[in-house]
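Engineer: Supplied structure: query_35.txt, compact mmCIF, C-alpha atoms.
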```txt
# COMPACT_ATOMS: atom_id res chain seq x y z
CA MET A 2 0.00 0.00 0.00
CA ASN A 3 1.13 3.53 -0.67
CA ARG A 4 1.29 6.28 1.93
CA ALA A 5 -2.18 7.64 1.09
CA GLU A 6 -3.77 4.20 1.50
CA ARG A 7 -1.98 3.61 4.80
CA SER A 8 -3.19 7.00 6.04
CA TYR A 9 -6.76 6.19 5.01
CA TYR A 10 -6.93 2.96 7.01
CA HIS A 11 -5.23 4.54 10.00
CA GLN A 12 -7.81 7.34 10.02
CA ARG A 13 -10.67 4.93 9.39
CA ALA A 14 -9.85 2.63 12.31
CA PRO A 15 -12.28 4.18 14.86
CA GLU A 16 -15.20 3.83 12.43
CA TYR A 17 -14.15 0.69 10.55
CA ASP A 18 -16.59 -1.62 12.34
CA ASP A 19 -19.50 0.65 11.35
CA TRP A 20 -19.38 -1.06 7.95
CA TYR A 21 -19.96 -4.48 9.51
CA LEU A 22 -22.49 -3.27 12.09
CA GLY A 23 -24.55 -1.00 9.84
CA ALA A 24 -23.81 1.97 12.08
CA GLY A 25 -22.58 5.52 11.49
CA GLN A 26 -22.66 6.48 7.83
CA TYR A 27 -23.82 2.94 6.98
CA ALA A 28 -26.92 3.14 9.19
CA GLU A 29 -29.14 4.38 6.35
CA ARG A 30 -27.66 2.14 3.67
CA VAL A 31 -30.11 -0.44 2.32
CA ARG A 32 -28.41 -3.85 2.42
CA PRO A 33 -31.09 -6.58 2.38
CA GLY A 34 -30.04 -9.67 4.32
CA TRP A 35 -26.70 -8.15 5.34
CA HIS A 36 -26.76 -9.06 9.04
CA ALA A 37 -28.02 -12.60 8.46
CA GLU A 38 -25.37 -13.22 5.81
CA LEU A 39 -22.64 -11.74 7.99
CA GLY A 40 -23.71 -14.15 10.73
CA SER A 41 -23.55 -17.04 8.28
CA LEU A 42 -20.08 -16.01 7.12
CA ARG A 43 -18.84 -15.76 10.70
CA ALA A 44 -20.27 -19.21 11.46
CA THR A 45 -18.44 -20.62 8.43
CA LEU A 46 -15.15 -19.15 9.65
CA ALA A 47 -15.75 -20.45 13.18
CA GLY A 48 -16.42 -23.92 11.80
CA LEU A 49 -13.03 -24.27 10.11
CA PRO A 50 -10.59 -26.73 11.68
CA ALA A 51 -8.27 -25.12 14.20
CA CYS A 52 -4.74 -24.52 12.93
CA ARG A 53 -1.86 -22.08 13.13
CA THR A 54 -3.24 -19.12 11.19
CA LEU A 55 -1.94 -15.77 10.01
CA ASP A 56 -4.62 -13.14 9.44
CA VAL A 57 -3.12 -10.53 7.13
CA ALA A 58 -4.59 -7.02 7.19
CA CYS A 59 -6.69 -8.05 10.17
CA GLY A 60 -8.01 -4.53 10.75
CA THR A 61 -9.95 -4.34 13.99
CA GLY A 62 -10.09 -8.14 14.27
CA PHE A 63 -13.81 -8.23 13.56
CA LEU A 64 -13.56 -11.54 11.66
CA THR A 65 -10.26 -12.66 13.20
CA ARG A 66 -12.05 -13.51 16.45
CA ASP A 67 -13.93 -16.31 14.66
CA LEU A 68 -10.77 -18.20 13.68
CA ALA A 69 -9.94 -21.25 15.80
CA GLY A 70 -6.48 -22.31 16.86
CA GLU A 71 -3.30 -20.29 17.29
CA VAL A 72 -3.86 -17.00 15.47
CA ILE A 73 -1.36 -14.29 14.59
CA ALA A 74 -3.03 -11.08 13.39
CA LEU A 75 -1.03 -8.63 11.29
CA ASP A 76 -1.88 -5.13 10.14
CA GLN A 77 0.13 -2.12 9.02
CA SER A 78 -2.01 0.27 11.10
CA ALA A 79 -1.24 0.78 14.78
CA ALA A 80 -4.71 2.31 15.17
CA MET A 81 -6.38 -0.82 13.83
CA LEU A 82 -4.25 -3.03 16.06
CA ARG A 83 -5.16 -1.05 19.18
CA ILE A 84 -8.80 -1.98 18.59
CA ALA A 85 -7.92 -5.57 17.65
CA ARG A 86 -5.91 -5.96 20.86
CA GLU A 87 -9.04 -5.39 22.95
CA ARG A 88 -11.04 -7.84 20.83
CA LEU A 89 -8.40 -10.56 20.54
CA PRO A 90 -6.82 -11.12 23.96
CA GLY A 91 -5.54 -14.56 22.97
CA ALA A 92 -4.03 -13.67 19.60
CA GLY A 93 -0.54 -12.52 18.76
CA LEU A 94 -0.63 -9.07 17.16
CA VAL A 95 2.03 -7.84 14.78
CA GLN A 96 2.38 -4.48 13.05
CA GLY A 97 3.86 -5.28 9.67
CA ASP A 98 3.79 -5.22 5.89
CA ALA A 99 1.60 -7.73 4.03
CA PHE A 100 4.07 -7.70 1.14
CA SER A 101 7.11 -8.45 3.28
CA LEU A 102 5.82 -10.70 6.02
CA PRO A 103 8.12 -10.94 9.06
CA PHE A 104 7.85 -14.72 9.30
CA ARG A 105 9.92 -17.69 8.22
CA ASP A 106 8.96 -19.92 5.30
CA ALA A 107 6.12 -22.36 6.00
CA SER A 108 5.31 -20.78 9.36
CA PHE A 109 1.54 -21.22 9.05
CA ALA A 110 -0.99 -23.81 7.97
CA ARG A 111 -3.36 -21.11 6.75
CA LEU A 112 -3.21 -17.46 5.75
CA VAL A 113 -6.44 -15.45 5.89
CA ALA A 114 -7.04 -12.27 3.91
CA ALA A 115 -10.45 -10.75 4.64
CA HIS A 116 -11.43 -7.68 2.62
CA PHE A 117 -7.82 -7.05 1.67
CA TYR A 118 -7.25 -8.95 -1.57
CA GLY A 119 -9.98 -6.98 -3.35
CA HIS A 120 -8.06 -3.75 -2.77
CA LEU A 121 -4.92 -4.95 -4.54
CA GLU A 122 -4.05 -3.94 -8.08
CA ALA A 123 -2.31 -6.51 -10.28
CA PRO A 124 1.34 -5.81 -9.30
CA ALA A 125 0.44 -5.85 -5.60
CA ARG A 126 -1.51 -9.08 -6.06
CA ALA A 127 1.58 -10.78 -7.48
CA ARG A 128 3.69 -9.67 -4.51
CA PHE A 129 1.00 -10.79 -2.08
CA TRP A 130 0.71 -14.23 -3.70
CA ALA A 131 4.46 -14.72 -3.48
CA GLU A 132 4.47 -13.96 0.25
CA THR A 133 1.39 -16.09 0.86
CA ARG A 134 2.94 -19.13 -0.79
CA ARG A 135 6.15 -18.58 1.12
CA VAL A 136 4.68 -18.53 4.63
CA ALA A 137 1.50 -20.66 4.43
CA SER A 138 0.30 -23.90 2.89
CA SER A 139 -3.27 -22.68 2.28
CA LEU A 140 -5.06 -19.37 1.72
CA LEU A 141 -8.53 -18.26 2.73
CA VAL A 142 -9.82 -15.14 0.98
CA VAL A 143 -12.98 -13.40 2.17
CA ASP A 144 -14.12 -10.49 0.05
CA ALA A 145 -17.00 -8.59 -1.50
CA ALA A 146 -19.35 -10.46 -3.83
CA TRP A 147 -20.05 -9.01 -7.25
CA ARG A 148 -23.58 -7.67 -7.74
CA GLU A 149 -25.28 -6.11 -10.73
CA ASP A 150 -25.35 -2.70 -9.04
CA VAL A 151 -21.54 -2.44 -8.79
CA GLN A 152 -18.67 -2.47 -11.26
CA PRO A 153 -16.37 -5.47 -11.00
CA GLU A 154 -13.43 -3.09 -10.60
CA GLU A 155 -13.45 0.60 -9.71
CA TRP A 156 -11.90 3.48 -7.80
CA GLN A 157 -14.28 4.50 -5.04
CA PRO A 158 -14.48 7.86 -3.27
CA ARG A 159 -14.57 7.49 0.50
CA ILE A 160 -15.41 10.23 3.01
CA LEU A 161 -14.65 9.66 6.68
CA ARG A 162 -16.38 11.16 9.70
CA ASP A 163 -13.64 13.74 10.04
CA GLY A 164 -14.50 15.01 6.55
CA SER A 165 -11.31 13.71 4.92
CA ARG A 166 -11.69 12.43 1.36
CA HIS A 167 -9.94 9.39 -0.03
CA THR A 168 -9.98 7.23 -3.15
CA VAL A 169 -9.77 3.45 -2.76
CA TYR A 170 -9.28 0.75 -5.40
CA LYS A 171 -11.93 -1.97 -5.09
CA ARG A 172 -12.77 -5.25 -6.82
CA TYR A 173 -15.86 -7.44 -6.47
CA PHE A 174 -15.82 -11.18 -7.16
CA THR A 175 -18.05 -13.95 -8.38
CA PRO A 176 -17.37 -17.18 -6.49
CA ALA A 177 -15.97 -18.85 -9.62
CA GLN A 178 -13.67 -15.90 -10.35
CA LEU A 179 -12.25 -15.81 -6.85
CA ALA A 180 -11.84 -19.59 -6.77
CA ALA A 181 -9.91 -19.41 -10.04
CA GLU A 182 -7.65 -16.67 -8.71
CA VAL A 183 -6.99 -18.65 -5.54
CA GLY A 184 -5.93 -21.58 -7.73
CA GLY A 185 -9.06 -23.70 -7.92
CA GLY A 186 -10.03 -23.15 -4.34
CA ARG A 187 -13.08 -24.49 -2.53
CA ILE A 188 -15.98 -22.04 -2.21
CA LEU A 189 -16.94 -21.84 1.48
CA HIS A 190 -19.45 -19.00 1.25
CA SER A 191 -21.33 -17.50 -1.67
CA GLY A 192 -23.91 -14.81 -1.01
CA ARG A 193 -25.18 -11.43 -2.10
CA TRP A 194 -22.60 -9.56 -0.03
CA PHE A 195 -19.69 -11.85 0.70
CA VAL A 196 -17.68 -14.61 -0.94
CA ALA A 197 -15.13 -16.84 0.78
CA VAL A 198 -12.76 -19.27 -0.92
CA LEU A 199 -10.21 -21.64 0.60
CA GLY A 200 -7.32 -22.60 -1.64
```
Please re-express this file's structure in structure tokens.
Structural biologist:
Amino acid sequence: MNRAERSYYHQRAPEYDDWYLGAGQYAERVRPGWHAELGSLRATLAGLPACRTLDVACGTGFLTRDLAGEVIALDQSAAMLRIARERLPGAGLVQGDAFSLPFRDASFARLVAAHFYGHLEAPARARFWAETRRVASSLLVVDAAWREDVQPEEWQPRILRDGSRHTVYKRYFTPAQLAAEVGGGRILHSGRWFVAVLG
């Protein structure tokens, strides 16, 4: 991520969970079935076999808390990690770079990337894949499902509560597309709002 993107996520940390909870600026957004589907996604994550897991770009740890086993949560934002620390008392928290992971080869059974992969342009995706394959034997990607009311790929304007304006790259995925990108992965969740693939 570049400096502007890092700044955006650092500033967004106090309001990041509003997106999941339908609070703040998301309170008036019409998202039919959102909360039920989010519950289903979380149950799917909680039902995965326990293993040594690295959650990359964990943010506030909203989904990290559903992962069983020994979990290391990494994010580049100290502000995000401060919130995650309160939510994840049993996890190891690391401030670090997703494209230069501070771990030895084959350190994890699984790497999780939730709502991170869809923000990566092609060159960044290649760097991320290289690091993923180096440190983990499997990858779980959770991201935004493609719908007819959104473009598959776009630059989105984002305005935070403090009035700051940002532009964020965003992709949306069909289950088959994400499974193909993960290398023929197994689709764990396919809904209107979320898709999850284990490869």
Engineer: Go through A:Leu64, A:Leu140, A:Leu121, A:Val31 one by one, measure the shortest atom-to-atom distance of each to Val169 of chain A using all atoms listed in the file, and give the residue with the smallest value.
Structural biologist: A:Leu121
Engineer: Under the rule that all atoms listed in the file are counted, which of A:Arg88, A:Arg83, A:Arg128, A:Lys171 is the nearest residue to Phe100 of chain A?
Structural biologist: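 Of all the options, A:Arg128 lies closest to Phe100 of chain A.
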Engineer: Report as a ChimeraX atom specification all protein, DNA and RNA residues lying within 8 Å of segment 190-192 of chain A, evaluated on all atoms listed in the file, omitting residues in the same chain fewer than 6 positions from it.
Structural biologist: /A:38,42,45,146,176,198
Engineer: My list of candidates is A:Ala123, A:Val113, A:Ala79, A:Ala14. Which is closest to Ser138 of chain A when distances are computed with only C-alpha atoms?
Structural biologist: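 Ranking A:Ala123, A:Val113, A:Ala79, A:Ala14 by distance to Ser138 of chain A, first place goes to A:Val113.
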Engineer: Go through A:Val95, A:Ala69, A:Ala24, A:Leu82 and flag the residue nearest Pro50 of chain A, using all atoms listed in the file for the distances.
Structural biologist: A:Ala69
Engineer: One decimal, in Å: what's the spacing between atom CA of Leu102 of chain A and atom CA of Cys52 of chain A?
Structural biologist: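 According to the coordinates, atom CA of Leu102 of chain A and atom CA of Cys52 of chain A are separated by 18.7 Å.
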Engineer: To one decimal in Å, tell me the separation between atom CA of Ala5 of chain A and atom CA of Leu89 of chain A.
Structural biologist: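 Computing the Euclidean distance for atom CA of Ala5 of chain A and atom CA of Leu89 of chain A yields 27.4 Å.
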Engineer: Provide the atom CA of Ala125 of chain A to atom CA of Leu39 of chain A distance in Å, to one decimal place.
Structural biologist: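 Atom-to-atom, atom CA of Ala125 of chain A to atom CA of Leu39 of chain A, that is 27.4 Å.
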Engineer: Extract, using only C-alpha atoms, all DNA, RNA and protein residues at most 10 Å from Ala110 of chain A, discarding same-chain residues fewer than 5 positions from it, and format them as an NGL selection string.
Structural biologist: :A and (51-55 or 136-140)
Engineer: Need the shell around Arg159 of chain A: protein/DNA/RNA residues with any atom at most 6 Å away, counting only C-alpha atoms. Skip same-chain ones fewer than 3 positions apart. Format as a PyMOL selection string?
Structural biologist: chain A and resi 166-168
Engineer: Give as a list in words the set of residues within 8 Å of the point (-11.8, -5.4, 1.9), where distances use the file's coordinates and only C-alpha atoms.
Structural biologist: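 All residues meeting the 8 Å criterion around (-11.8, -5.4, 1.9) are Ala115, His116, Phe117, Tyr118, Gly119, His120, Asp144, Ala145 and Lys171 of chain A.
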Engineer: Restricting the calculation to all atoms listed in the file, which member of A:Gly25, A:Gly70, A:Gly186, A:Pro103 is positioned closest to Ala47 of chain A?
Structural biologist: A:Gly70
Engineer: Find the residue from A:Ala131, A:Asp106, A:Asp67, A:Leu112 that sits nearest to Gly91 of chain A; use all atoms listed in the file when measuring.
Structural biologist: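 Checking each candidate against Gly91 of chain A, we get A:Asp67 as the closest.
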Engineer: If I wrap all listed atoms of segment 41-56 of chain A in a box with edges along x, y and z and add 3 Å on each side, what are its centre and edge lengths in Å to one decimal, as lines of an AutoDock Vina configuration file?
Structural biologist:
```
center_x = -12.7
center_y = -19.9
center_z = 10.7
size_x = 27.7
size_y = 19.6
size_z = 13.1
```
Engineer: What lies within 12 Å of Arg105 of chain A using all atoms listed in the file, ignoring chain neighbours under 4 positions off, as a PyMOL selection string?
Structural biologist: chain A and resi 101+109+132-137
Engineer: If you count all atoms listed in the file, which residues fall within 7 Å of Gln96 of chain A, apart from same-chain ones fewer than 4 positions away, as a ChimeraX atom specification?
Structural biologist: /A:75-79
Engineer: Using the atoms already present, construct N, CA and C atoms for segment 59-76 of chain A and hand them back as a PDB file, in the frame of the given file.
Structural biologist:
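For reference, result17.pdb as written:
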```pdb
ATOM      1  N   CYS A  59      -5.602  -7.643   9.276  1.00  0.00           N
ATOM      2  CA  CYS A  59      -6.690  -8.050  10.170  1.00  0.00           C
ATOM      3  C   CYS A  59      -7.610  -6.908  10.556  1.00  0.00           C
ATOM      4  N   GLY A  60      -7.179  -5.669  10.363  1.00  0.00           N
ATOM      5  CA  GLY A  60      -8.010  -4.530  10.750  1.00  0.00           C
ATOM      6  C   GLY A  60      -8.290  -4.544  12.245  1.00  0.00           C
ATOM      7  N   THR A  61      -9.547  -4.376  12.586  1.00  0.00           N
ATOM      8  CA  THR A  61      -9.950  -4.340  13.990  1.00  0.00           C
ATOM      9  C   THR A  61     -10.145  -5.736  14.587  1.00  0.00           C
ATOM     10  N   GLY A  62      -9.908  -6.776  13.789  1.00  0.00           N
ATOM     11  CA  GLY A  62     -10.090  -8.140  14.270  1.00  0.00           C
ATOM     12  C   GLY A  62     -11.538  -8.593  14.281  1.00  0.00           C
ATOM     13  N   PHE A  63     -12.386  -7.904  13.534  1.00  0.00           N
ATOM     14  CA  PHE A  63     -13.810  -8.230  13.560  1.00  0.00           C
ATOM     15  C   PHE A  63     -14.057  -9.683  13.151  1.00  0.00           C
ATOM     16  N   LEU A  64     -13.408 -10.146  12.086  1.00  0.00           N
ATOM     17  CA  LEU A  64     -13.560 -11.540  11.660  1.00  0.00           C
ATOM     18  C   LEU A  64     -12.482 -12.441  12.258  1.00  0.00           C
ATOM     19  N   THR A  65     -11.351 -11.867  12.624  1.00  0.00           N
ATOM     20  CA  THR A  65     -10.260 -12.660  13.200  1.00  0.00           C
ATOM     21  C   THR A  65     -10.735 -13.454  14.414  1.00  0.00           C
ATOM     22  N   ARG A  66     -11.596 -12.869  15.204  1.00  0.00           N
ATOM     23  CA  ARG A  66     -12.050 -13.510  16.450  1.00  0.00           C
ATOM     24  C   ARG A  66     -12.772 -14.825  16.204  1.00  0.00           C
ATOM     25  N   ASP A  67     -13.210 -15.071  14.962  1.00  0.00           N
ATOM     26  CA  ASP A  67     -13.930 -16.310  14.660  1.00  0.00           C
ATOM     27  C   ASP A  67     -13.011 -17.447  14.246  1.00  0.00           C
ATOM     28  N   LEU A  68     -11.720 -17.179  14.131  1.00  0.00           N
ATOM     29  CA  LEU A  68     -10.770 -18.200  13.680  1.00  0.00           C
ATOM     30  C   LEU A  68     -10.283 -19.027  14.864  1.00  0.00           C
ATOM     31  N   ALA A  69     -10.335 -20.348  14.718  1.00  0.00           N
ATOM     32  CA  ALA A  69      -9.940 -21.250  15.800  1.00  0.00           C
ATOM     33  C   ALA A  69      -8.470 -21.618  15.685  1.00  0.00           C
ATOM     34  N   GLY A  70      -7.863 -21.898  16.822  1.00  0.00           N
ATOM     35  CA  GLY A  70      -6.480 -22.310  16.860  1.00  0.00           C
ATOM     36  C   GLY A  70      -5.566 -21.154  17.223  1.00  0.00           C
ATOM     37  N   GLU A  71      -4.278 -21.354  17.020  1.00  0.00           N
ATOM     38  CA  GLU A  71      -3.300 -20.290  17.290  1.00  0.00           C
ATOM     39  C   GLU A  71      -3.362 -19.275  16.158  1.00  0.00           C
ATOM     40  N   VAL A  72      -3.657 -18.035  16.488  1.00  0.00           N
ATOM     41  CA  VAL A  72      -3.860 -17.000  15.470  1.00  0.00           C
ATOM     42  C   VAL A  72      -2.875 -15.849  15.696  1.00  0.00           C
ATOM     43  N   ILE A  73      -2.187 -15.488  14.625  1.00  0.00           N
ATOM     44  CA  ILE A  73      -1.360 -14.290  14.590  1.00  0.00           C
ATOM     45  C   ILE A  73      -2.079 -13.301  13.676  1.00  0.00           C
ATOM     46  N   ALA A  74      -2.316 -12.099  14.164  1.00  0.00           N
ATOM     47  CA  ALA A  74      -3.030 -11.080  13.390  1.00  0.00           C
ATOM     48  C   ALA A  74      -2.077  -9.953  13.050  1.00  0.00           C
ATOM     49  N   LEU A  75      -1.969  -9.648  11.764  1.00  0.00           N
ATOM     50  CA  LEU A  75      -1.030  -8.630  11.290  1.00  0.00           C
ATOM     51  C   LEU A  75      -1.776  -7.505  10.592  1.00  0.00           C
ATOM     52  N   ASP A  76      -1.355  -6.288  10.850  1.00  0.00           N
ATOM     53  CA  ASP A  76      -1.880  -5.130  10.140  1.00  0.00           C
ATOM     54  C   ASP A  76      -0.807  -4.061  10.115  1.00  0.00           C
TER      55      ASP A  76
END
```
